[in-house]
Amino acid sequence: MENKMLIQQAIKAREFAYTPYSHFKVGAALLSKNGKVYLGCNIENAGYTPSNCAERTAFFKAVSEGVTEFEKIAIVAGKEEIETYTAPCGVCRQVMMEFCKPEEFKVIMAKSPEDYKEMTLAELLPLGFGPDDLA
Ligand code: THU
């Protein structure tokens with residue numbers, strides 16, 4: 001699937017962001033190797049700590065349905081409009097590390113379907129600790 005189409009889906013996913021505290025709305029679209037796309041938004045909580053990022057929502061939806069192999073993820077974020085490229089937080093990078101090959105998995109940080117930055121997980125999480133380290 002083209003990056004443009006994946007970003008369009010992340011933009012749709014962002015509409016469901018539940019953000020009464022930060023008002024920072026994030027949407028993610030995760031493409032699995034079987035071609036299916038899993039959408040996620042951030043979901044905040046009055047207790048703050050239980051809040052979940054858009055990226056992890058997408059990953060956990062997929063993994064909870066038996067899908068564990070992924071190609072790329074598109075991320076969009078912003079309070080009102082999507083104004084900046086937003087990179088995944090450290091916790092989300094670590095979750096990606098669990099299921100993705102760091103040199104191959106692509107993270108697309110987008111301002112619009114046409115305007116985005118693309119980096120591999122290895123670039124975003126150098127020397128990442130993952131399942132291979134426990135093998
Ligand atoms: N957030 C995400 O969902 N993904 C990111 O990549 C960065 C941060 C969320 C968490 C919280 O709901 C809000 O954005 C502000 O940190």
# chains A, B, ... in the order shown; residues from 1 in each chain; ligands from 1
>>> residues_around(residues="stretch 63-67 of chain A", least_positions_apart="6", cutoff="12 Å", atoms="only C-alpha atoms", output="PDB file with N, CA, C and O atoms, in the first residue's frame")
ATOM      1  N   LEU A  30      -1.569   1.235  10.890  1.00  0.00           N
ATOM      2  CA  LEU A  30      -0.519   0.217  10.904  1.00  0.00           C
ATOM      3  C   LEU A  30      -0.807  -0.825   9.825  1.00  0.00           C
ATOM      4  O   LEU A  30      -1.863  -1.459   9.838  1.00  0.00           O
ATOM      5  N   LEU A  31       0.141  -0.969   8.897  1.00  0.00           N
ATOM      6  CA  LEU A  31      -0.040  -1.941   7.803  1.00  0.00           C
ATOM      7  C   LEU A  31       0.645  -3.250   8.179  1.00  0.00           C
ATOM      8  O   LEU A  31       1.860  -3.286   8.423  1.00  0.00           O
ATOM      9  N   SER A  32      -0.134  -4.318   8.230  1.00  0.00           N
ATOM     10  CA  SER A  32       0.439  -5.633   8.527  1.00  0.00           C
ATOM     11  C   SER A  32       0.926  -6.276   7.234  1.00  0.00           C
ATOM     12  O   SER A  32       0.557  -5.853   6.130  1.00  0.00           O
ATOM     13  N   LYS A  33       1.760  -7.290   7.371  1.00  0.00           N
ATOM     14  CA  LYS A  33       2.326  -7.933   6.182  1.00  0.00           C
ATOM     15  C   LYS A  33       1.264  -8.660   5.382  1.00  0.00           C
ATOM     16  O   LYS A  33       1.450  -8.930   4.197  1.00  0.00           O
ATOM     17  N   ASN A  34       0.121  -8.975   6.015  1.00  0.00           N
ATOM     18  CA  ASN A  34      -0.963  -9.634   5.261  1.00  0.00           C
ATOM     19  C   ASN A  34      -1.837  -8.621   4.518  1.00  0.00           C
ATOM     20  O   ASN A  34      -2.845  -8.981   3.928  1.00  0.00           O
ATOM     21  N   GLY A  35      -1.449  -7.341   4.582  1.00  0.00           N
ATOM     22  CA  GLY A  35      -2.168  -6.321   3.808  1.00  0.00           C
ATOM     23  C   GLY A  35      -3.268  -5.610   4.565  1.00  0.00           C
ATOM     24  O   GLY A  35      -3.845  -4.642   4.066  1.00  0.00           O
ATOM     25  N   LYS A  36      -3.567  -6.083   5.769  1.00  0.00           N
ATOM     26  CA  LYS A  36      -4.645  -5.449   6.536  1.00  0.00           C
ATOM     27  C   LYS A  36      -4.127  -4.231   7.296  1.00  0.00           C
ATOM     28  O   LYS A  36      -2.976  -4.216   7.735  1.00  0.00           O
ATOM     29  N   VAL A  37      -4.977  -3.226   7.436  1.00  0.00           N
ATOM     30  CA  VAL A  37      -4.593  -2.006   8.145  1.00  0.00           C
ATOM     31  C   VAL A  37      -5.332  -1.938   9.486  1.00  0.00           C
ATOM     32  O   VAL A  37      -6.547  -2.144   9.539  1.00  0.00           O
ATOM     33  N   TYR A  38      -4.583  -1.655  10.534  1.00  0.00           N
ATOM     34  CA  TYR A  38      -5.162  -1.497  11.871  1.00  0.00           C
ATOM     35  C   TYR A  38      -5.046  -0.031  12.275  1.00  0.00           C
ATOM     36  O   TYR A  38      -3.952   0.537  12.232  1.00  0.00           O
ATOM     37  N   ARG A  56       0.287   2.458  19.944  1.00  0.00           N
ATOM     38  CA  ARG A  56       0.084   1.218  20.703  1.00  0.00           C
ATOM     39  C   ARG A  56      -1.344   0.707  20.567  1.00  0.00           C
ATOM     40  O   ARG A  56      -1.576  -0.496  20.543  1.00  0.00           O
ATOM     41  N   THR A  57      -2.302   1.606  20.465  1.00  0.00           N
ATOM     42  CA  THR A  57      -3.682   1.152  20.229  1.00  0.00           C
ATOM     43  C   THR A  57      -3.731   0.314  18.956  1.00  0.00           C
ATOM     44  O   THR A  57      -4.304  -0.778  18.936  1.00  0.00           O
ATOM     45  N   VAL A  95       7.516  -1.032  21.868  1.00  0.00           N
ATOM     46  CA  VAL A  95       6.478  -1.982  21.439  1.00  0.00           C
ATOM     47  C   VAL A  95       6.716  -2.376  19.982  1.00  0.00           C
ATOM     48  O   VAL A  95       6.609  -3.548  19.610  1.00  0.00           O
ATOM     49  N   MET A  96       7.093  -1.410  19.148  1.00  0.00           N
ATOM     50  CA  MET A  96       7.417  -1.721  17.744  1.00  0.00           C
ATOM     51  C   MET A  96       8.567  -2.723  17.682  1.00  0.00           C
ATOM     52  O   MET A  96       8.579  -3.654  16.878  1.00  0.00           O
ATOM     53  N   GLU A  98       9.314  -5.038  19.573  1.00  0.00           N
ATOM     54  CA  GLU A  98       8.893  -6.399  19.917  1.00  0.00           C
ATOM     55  C   GLU A  98       8.409  -7.172  18.681  1.00  0.00           C
ATOM     56  O   GLU A  98       8.591  -8.378  18.587  1.00  0.00           O
ATOM     57  N   PHE A  99       7.785  -6.458  17.752  1.00  0.00           N
ATOM     58  CA  PHE A  99       7.123  -7.145  16.644  1.00  0.00           C
ATOM     59  C   PHE A  99       7.715  -6.866  15.262  1.00  0.00           C
ATOM     60  O   PHE A  99       7.310  -7.502  14.294  1.00  0.00           O
ATOM     61  N   CYS A 100       8.637  -5.912  15.169  1.00  0.00           N
ATOM     62  CA  CYS A 100       9.075  -5.476  13.842  1.00  0.00           C
ATOM     63  C   CYS A 100      10.574  -5.641  13.681  1.00  0.00           C
ATOM     64  O   CYS A 100      11.322  -5.522  14.662  1.00  0.00           O
TER      65      CYS A 100
END
>>> residues_near_ligand(ligand="ligand 1", cutoff="8 Å", atoms="only C-alpha atoms and all ligand atoms", output="count of residues only")
26
>>> select_by_dssp(residues="stretch 93-135 of chain A", states="strand (DSSP E or B)", output="ChimeraX atom specification")
/A:106-110,116-120
>>> residues_around(residues="stretch 4-10 of chain A", least_positions_apart="4", cutoff="7 Å", atoms="only C-alpha atoms", output="number ranges by chain")
A: 14, 27-29, 39, 74-76, 110, 113-114
>>> write_last_selection(atoms="N, CA and C atoms", output="mmCIF file, in the first residue's frame")
data_model
loop_
_atom_site.group_PDB
_atom_site.id
_atom_site.type_symbol
_atom_site.label_atom_id
_atom_site.label_comp_id
_atom_site.auth_asym_id
_atom_site.auth_seq_id
_atom_site.Cartn_x
_atom_site.Cartn_y
_atom_site.Cartn_z
ATOM 1 N N ARG A 14 -7.506 9.549 13.570
ATOM 2 C CA ARG A 14 -7.299 10.657 14.516
ATOM 3 C C ARG A 14 -8.619 11.279 14.972
ATOM 4 N N GLY A 27 -3.443 10.062 15.403
ATOM 5 C CA GLY A 27 -4.012 8.937 14.660
ATOM 6 C C GLY A 27 -2.896 8.108 14.077
ATOM 7 N N ALA A 28 -3.095 6.792 14.049
ATOM 8 C CA ALA A 28 -2.089 5.890 13.482
ATOM 9 C C ALA A 28 -2.769 4.863 12.592
ATOM 10 N N ALA A 29 -2.073 4.492 11.518
ATOM 11 C CA ALA A 29 -2.546 3.415 10.644
ATOM 12 C C ALA A 29 -1.381 2.458 10.442
ATOM 13 N N LEU A 39 -6.166 0.550 12.661
ATOM 14 C CA LEU A 39 -6.184 1.967 13.028
ATOM 15 C C LEU A 39 -6.110 2.131 14.533
ATOM 16 N N ALA A 74 1.793 4.751 9.764
ATOM 17 C CA ALA A 74 1.688 6.189 9.508
ATOM 18 C C ALA A 74 1.119 6.856 10.755
ATOM 19 N N ILE A 75 1.677 8.027 11.104
ATOM 20 C CA ILE A 75 1.263 8.746 12.314
ATOM 21 C C ILE A 75 0.961 10.207 11.951
ATOM 22 N N VAL A 76 -0.173 10.709 12.440
ATOM 23 C CA VAL A 76 -0.487 12.143 12.288
ATOM 24 C C VAL A 76 -0.942 12.670 13.640
ATOM 25 N N ALA A 110 3.652 12.181 9.364
ATOM 26 C CA ALA A 110 3.059 12.972 8.284
ATOM 27 C C ALA A 110 2.410 14.267 8.745
ATOM 28 N N PRO A 113 -1.125 13.831 3.460
ATOM 29 C CA PRO A 113 -0.842 12.639 2.634
ATOM 30 C C PRO A 113 0.347 12.836 1.695
ATOM 31 N N GLU A 114 0.682 14.077 1.407
ATOM 32 C CA GLU A 114 1.799 14.341 0.478
ATOM 33 C C GLU A 114 3.078 14.770 1.180
#
>>> atom_distance(atom1="atom CA of A:Lys106", atom2="atom CA of A:Leu121")
6.2 Å
>>> select_by_dssp(residues="stretch 4-128 of chain A", states="alpha helix (DSSP H)", output="PyMOL selection string")
chain A and resi 4-14+54-63+90-99+121-124
>>> write_last_selection(atoms="C-alpha atoms", output="PDB file, in the first residue's frame")
ATOM      1  CA  LYS A   4      -0.359   8.333   0.823  1.00  0.00           C
ATOM      2  CA  MET A   5      -3.253   5.908   1.379  1.00  0.00           C
ATOM      3  CA  LEU A   6      -1.940   4.830   4.778  1.00  0.00           C
ATOM      4  CA  ILE A   7      -1.640   8.465   5.893  1.00  0.00           C
ATOM      5  CA  GLN A   8      -5.213   9.124   4.761  1.00  0.00           C
ATOM      6  CA  GLN A   9      -6.337   6.310   7.049  1.00  0.00           C
ATOM      7  CA  ALA A  10      -4.310   7.705   9.973  1.00  0.00           C
ATOM      8  CA  ILE A  11      -6.066  11.041   9.457  1.00  0.00           C
ATOM      9  CA  LYS A  12      -9.430   9.269   9.743  1.00  0.00           C
ATOM     10  CA  ALA A  13      -8.276   7.373  12.849  1.00  0.00           C
ATOM     11  CA  ARG A  14      -7.299  10.657  14.516  1.00  0.00           C
ATOM     12  CA  ALA A  54      -2.373   5.921  19.037  1.00  0.00           C
ATOM     13  CA  GLU A  55       0.485   3.707  17.866  1.00  0.00           C
ATOM     14  CA  ARG A  56       0.084   1.218  20.703  1.00  0.00           C
ATOM     15  CA  THR A  57      -3.682   1.152  20.229  1.00  0.00           C
ATOM     16  CA  ALA A  58      -3.093   0.084  16.621  1.00  0.00           C
ATOM     17  CA  PHE A  59      -0.472  -2.527  17.557  1.00  0.00           C
ATOM     18  CA  PHE A  60      -2.549  -4.017  20.348  1.00  0.00           C
ATOM     19  CA  LYS A  61      -5.639  -4.231  18.157  1.00  0.00           C
ATOM     20  CA  ALA A  62      -3.636  -6.195  15.584  1.00  0.00           C
ATOM     21  CA  VAL A  63      -1.810  -8.468  18.024  1.00  0.00           C
ATOM     22  CA  GLY A  90       9.874   5.830  23.567  1.00  0.00           C
ATOM     23  CA  VAL A  91       7.345   3.332  24.914  1.00  0.00           C
ATOM     24  CA  CYS A  92       5.743   2.942  21.477  1.00  0.00           C
ATOM     25  CA  ARG A  93       9.175   2.486  19.859  1.00  0.00           C
ATOM     26  CA  GLN A  94       9.818  -0.349  22.295  1.00  0.00           C
ATOM     27  CA  VAL A  95       6.478  -1.982  21.439  1.00  0.00           C
ATOM     28  CA  MET A  96       7.417  -1.721  17.744  1.00  0.00           C
ATOM     29  CA  MET A  97      10.751  -3.366  18.601  1.00  0.00           C
ATOM     30  CA  GLU A  98       8.893  -6.399  19.917  1.00  0.00           C
ATOM     31  CA  PHE A  99       7.123  -7.145  16.644  1.00  0.00           C
ATOM     32  CA  LEU A 121      12.657   1.782  13.490  1.00  0.00           C
ATOM     33  CA  ALA A 122      16.435   1.246  13.685  1.00  0.00           C
ATOM     34  CA  GLU A 123      16.966   4.953  13.038  1.00  0.00           C
ATOM     35  CA  LEU A 124      14.423   5.905  15.706  1.00  0.00           C
TER      36      LEU A 124
END
>>> atom_distance(atom1="atom CA of A:Tyr85", atom2="atom CA of A:Lys111")
5.7 Å
